[in-house]
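*Asks:* Quick one: the structure is below, questions incoming.
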Protein chains: 2
Amino acid sequence: MNDQKQFYELFPNLEEGLYEELMKYGDVKEIPAGTALLKAGQTIRSTMLVLDGIVKLYQEDDEGNEFFMYNLQQGQACAVSMICTYQQEKSQVTAKAVTDVVLLTIPLEYMDKWLSKYKSWHYFVIKTYRSRYEELLKTINEIAFKNMDERLEFYLKKQVKQFGKHVKLTHQEIATDLNSSREVISRLMKKMERNGWIIINRNSFEWIKD
Amino acid sequence: MNDQKQFYELFPNLEEGLYEELMKYGDVKEIPAGTALLKAGQTIRSTMLVLDGIVKLYQEDDEGNEFFMYNLQQGQACAVSMICTYQQEKSQVTAKAVTDVVLLTIPLEYMDKWLSKYKSWHYFVIKTYRSRYEELLKTINEIAFKNMDERLEFYLKKQVKQFGKHVKLTHQEIATDLNSSREVISRLMKKMERNGWIIINRNSFEWIKD
DNA sequence: GTTTGTAAGTAACCATAATCACAGATAATA
DNA sequence: TATTATCTGTGATTATGGTTACTTACAAAC
């Protein structure tokens, strides 16, 4: 992290000593878009804090189908890597850099050390768990109770919130995230366009509703 | 809890002082089957440890549909109540006693106090989060990638694991848990019976496969 | 034993979304 | 400019599971 001040803003309310240790023992990594950060079945040896960019978490099944769960952005940490790091367990999910990403990776041993040493780290870990757990609850809610059109709307809105009104995604990419098919997404998006919610461009769309 | 020894077995590896405080400040409650322990939208003021019985966690939508997530049994704690207690937040899920249940409820203030004081409590809280998070991942996996027949099989097997080969559930109850309809469950279970997986009785079924 | 309530079985039909099969559109590259 | 690759649009077909509408089965209450 070249700009230390920004770090304080991204992760506020940590103790002074903890900031120092984070700087000292954390490893800043710049990762190009598209890189897989975490693969299902992999054993994890470090926890990740996102300093910049977007990291996407999703599940994969044995036939290669995907299902999007949630994105991480700057100031957030990967609960899965914390959980797995903690008990040296294997990941059940996949994480991928959606944009170029800057990460602070923290070697496993400090996870535990800091938990006893810094109360603020403790709060941070718990807060991370809580937020991710709640994201999963929302995801379950969508898929359990809603039809494809509603799920698509929810998904697109989430993207718009993260990337702005103009989102760069192909219909195929959206279909993959929702574990649907390209044709279904094209049809539903065309309907949204007819209803004046979006404008469809090649490789992207623009949200114009509200 | 009348049998203190059992408590040590249910929640092993806690510090001696913590056991004492749990006994002293925790409140043992005996709750009849069917009682709602946690309602969506409710603010929570205590954390629950399950000493005996089965507690079911599920989501509800605005139209009253339900969707089963997972069961808690003895030796497990309610991650939702921990999460919510911690930040005085509202529950997004519903918890209900499936059988008669014995709970140890812990007032909010001790959650925080013990986190700093007892390392073992700390581990316990983290372990609880981790297990529940993983349950949700499994749930998402089921609903995202699998058809009703496979989901039903997974669900029934889970019940069998908890309650034994002879499970007391009506088709309607199963349908509600899977957010499906009674007719669909009847159809699929009849097929399972024809394939020699189960025997269907009124109000219950028996798992005979494997 | 008859009534009543609840559970389960089943057929017919319908809705949603997945799949198949193209056709056109747009952008990159030869 | 022509060629190729990728993306999008759309109709037709199919599969899954939800809905409607009964019927049958069982068991408790009268």
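Residues are named by chain letter and number: chains run A, B, ... in the order of the structure tokens, numbers start at 1 in each chain, and ligands are numbered from 1 in the order shown.
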Which residues, written as number ranges by chain, have at least one atom at most 10 Å from range 122-136 of chain B, with only C-alpha atoms (C1' of nucleotides) counted and residues fewer than 6 positions away on the same chain left out?
*Replies:* A: 79-80, 82-84, 86-87, 91-92, 112, 115-116, 122, 125-126, 129-130, 132-134, 136-137, 139-140; B: 11-14, 69-72, 76-80, 82-83, 111-112, 114-116, 142
*Asks:* Determine which residues of chain B sit within 10 Å of chain C, taking into account only C-alpha atoms (C1' of nucleotides), and present them as number ranges by chain.
*Replies:* B: 170-172, 182-183, 186-187, 190, 200-203
*Asks:* Let me see the file: selected residues, N, CA and C atoms, as a PDB file, in the first residue's frame.
*Replies:*
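Writing done, so here's part.pdb:
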```
ATOM      1  N   THR B 170     -44.874 -35.261   7.693  1.00  0.00           N
ATOM      2  CA  THR B 170     -45.868 -35.433   6.630  1.00  0.00           C
ATOM      3  C   THR B 170     -45.299 -34.881   5.321  1.00  0.00           C
ATOM      4  N   HIS B 171     -45.915 -35.286   4.228  1.00  0.00           N
ATOM      5  CA  HIS B 171     -45.477 -34.775   2.925  1.00  0.00           C
ATOM      6  C   HIS B 171     -45.604 -33.257   2.872  1.00  0.00           C
ATOM      7  N   GLN B 172     -46.635 -32.762   3.506  1.00  0.00           N
ATOM      8  CA  GLN B 172     -46.845 -31.316   3.509  1.00  0.00           C
ATOM      9  C   GLN B 172     -45.712 -30.590   4.232  1.00  0.00           C
ATOM     10  N   ARG B 182     -47.073 -30.138  -1.899  1.00  0.00           N
ATOM     11  CA  ARG B 182     -47.316 -31.471  -1.355  1.00  0.00           C
ATOM     12  C   ARG B 182     -47.400 -32.520  -2.454  1.00  0.00           C
ATOM     13  N   GLU B 183     -48.081 -32.206  -3.549  1.00  0.00           N
ATOM     14  CA  GLU B 183     -48.262 -33.154  -4.645  1.00  0.00           C
ATOM     15  C   GLU B 183     -46.919 -33.592  -5.229  1.00  0.00           C
ATOM     16  N   SER B 186     -45.209 -35.908  -2.797  1.00  0.00           N
ATOM     17  CA  SER B 186     -45.868 -37.214  -2.834  1.00  0.00           C
ATOM     18  C   SER B 186     -45.423 -38.019  -4.052  1.00  0.00           C
ATOM     19  N   ARG B 187     -45.427 -37.369  -5.206  1.00  0.00           N
ATOM     20  CA  ARG B 187     -45.004 -38.023  -6.437  1.00  0.00           C
ATOM     21  C   ARG B 187     -43.591 -38.588  -6.307  1.00  0.00           C
ATOM     22  N   LYS B 190     -43.234 -41.388  -3.730  1.00  0.00           N
ATOM     23  CA  LYS B 190     -43.804 -42.640  -4.248  1.00  0.00           C
ATOM     24  C   LYS B 190     -42.794 -43.329  -5.157  1.00  0.00           C
ATOM     25  N   ILE B 200     -43.299 -45.668   2.892  1.00  0.00           N
ATOM     26  CA  ILE B 200     -44.129 -44.531   3.277  1.00  0.00           C
ATOM     27  C   ILE B 200     -45.235 -44.994   4.223  1.00  0.00           C
ATOM     28  N   ASN B 201     -45.354 -44.325   5.343  1.00  0.00           N
ATOM     29  CA  ASN B 201     -46.474 -44.546   6.252  1.00  0.00           C
ATOM     30  C   ASN B 201     -47.205 -43.223   6.431  1.00  0.00           C
ATOM     31  N   ARG B 202     -48.363 -43.308   6.981  1.00  0.00           N
ATOM     32  CA  ARG B 202     -49.096 -42.073   7.290  1.00  0.00           C
ATOM     33  C   ARG B 202     -48.313 -41.300   8.353  1.00  0.00           C
ATOM     34  N   ASN B 203     -48.023 -40.038   8.092  1.00  0.00           N
ATOM     35  CA  ASN B 203     -47.298 -39.151   9.021  1.00  0.00           C
ATOM     36  C   ASN B 203     -45.819 -39.469   9.182  1.00  0.00           C
TER      37      ASN B 203
END
```
*Asks:* DSSP says strand (DSSP E) for which residues of range 83-162 of chain A? Put them as an MDAnalysis selection string?
*Replies:* chainID A and resid 94:97 101:107
*Asks:* As number ranges by chain, could you give me every residue of chain D near chain B (at most 8 Å apart, counting only C-alpha atoms (C1' of nucleotides))?
*Replies:* D: 17-18, 26
*Asks:* Put those residues in a file: N, CA, C and O atoms (P, O5', C5', C4', C3', O3' and C1' of nucleotides), as a PDB file, in the first residue's frame.
*Replies:*
```
ATOM      1  P    DG D  17     -37.639 -30.997 -10.802  1.00  0.00           P
ATOM      2  O5'  DG D  17     -38.869 -30.066 -10.433  1.00  0.00           O
ATOM      3  C5'  DG D  17     -38.764 -28.659 -10.656  1.00  0.00           C
ATOM      4  C4'  DG D  17     -40.148 -28.043 -10.581  1.00  0.00           C
ATOM      5  C3'  DG D  17     -41.008 -28.485  -9.386  1.00  0.00           C
ATOM      6  O3'  DG D  17     -41.747 -27.371  -8.991  1.00  0.00           O
ATOM      7  C1'  DG D  17     -42.193 -28.815 -11.315  1.00  0.00           C
ATOM      8  P    DG D  18     -41.962 -26.950  -7.511  1.00  0.00           P
ATOM      9  O5'  DG D  18     -43.307 -26.097  -7.632  1.00  0.00           O
ATOM     10  C5'  DG D  18     -43.290 -24.915  -8.443  1.00  0.00           C
ATOM     11  C4'  DG D  18     -44.684 -24.654  -8.965  1.00  0.00           C
ATOM     12  C3'  DG D  18     -45.788 -24.734  -7.908  1.00  0.00           C
ATOM     13  O3'  DG D  18     -46.597 -23.559  -8.044  1.00  0.00           O
ATOM     14  C1'  DG D  18     -46.328 -26.108  -9.754  1.00  0.00           C
ATOM     15  P    DC D  26     -55.229 -47.755   4.412  1.00  0.00           P
ATOM     16  O5'  DC D  26     -55.282 -46.912   5.750  1.00  0.00           O
ATOM     17  C5'  DC D  26     -54.356 -45.842   5.928  1.00  0.00           C
ATOM     18  C4'  DC D  26     -54.883 -44.918   6.984  1.00  0.00           C
ATOM     19  C3'  DC D  26     -55.329 -45.616   8.278  1.00  0.00           C
ATOM     20  O3'  DC D  26     -54.387 -45.267   9.268  1.00  0.00           O
ATOM     21  C1'  DC D  26     -56.784 -43.840   7.629  1.00  0.00           C
TER      22       DC D  26
END
```
*Asks:* Rounded to one decimal place, report the CA of Gln59 in chain B-CA of Arg151 in chain A distance in Å.
*Replies:* 16.9 Å
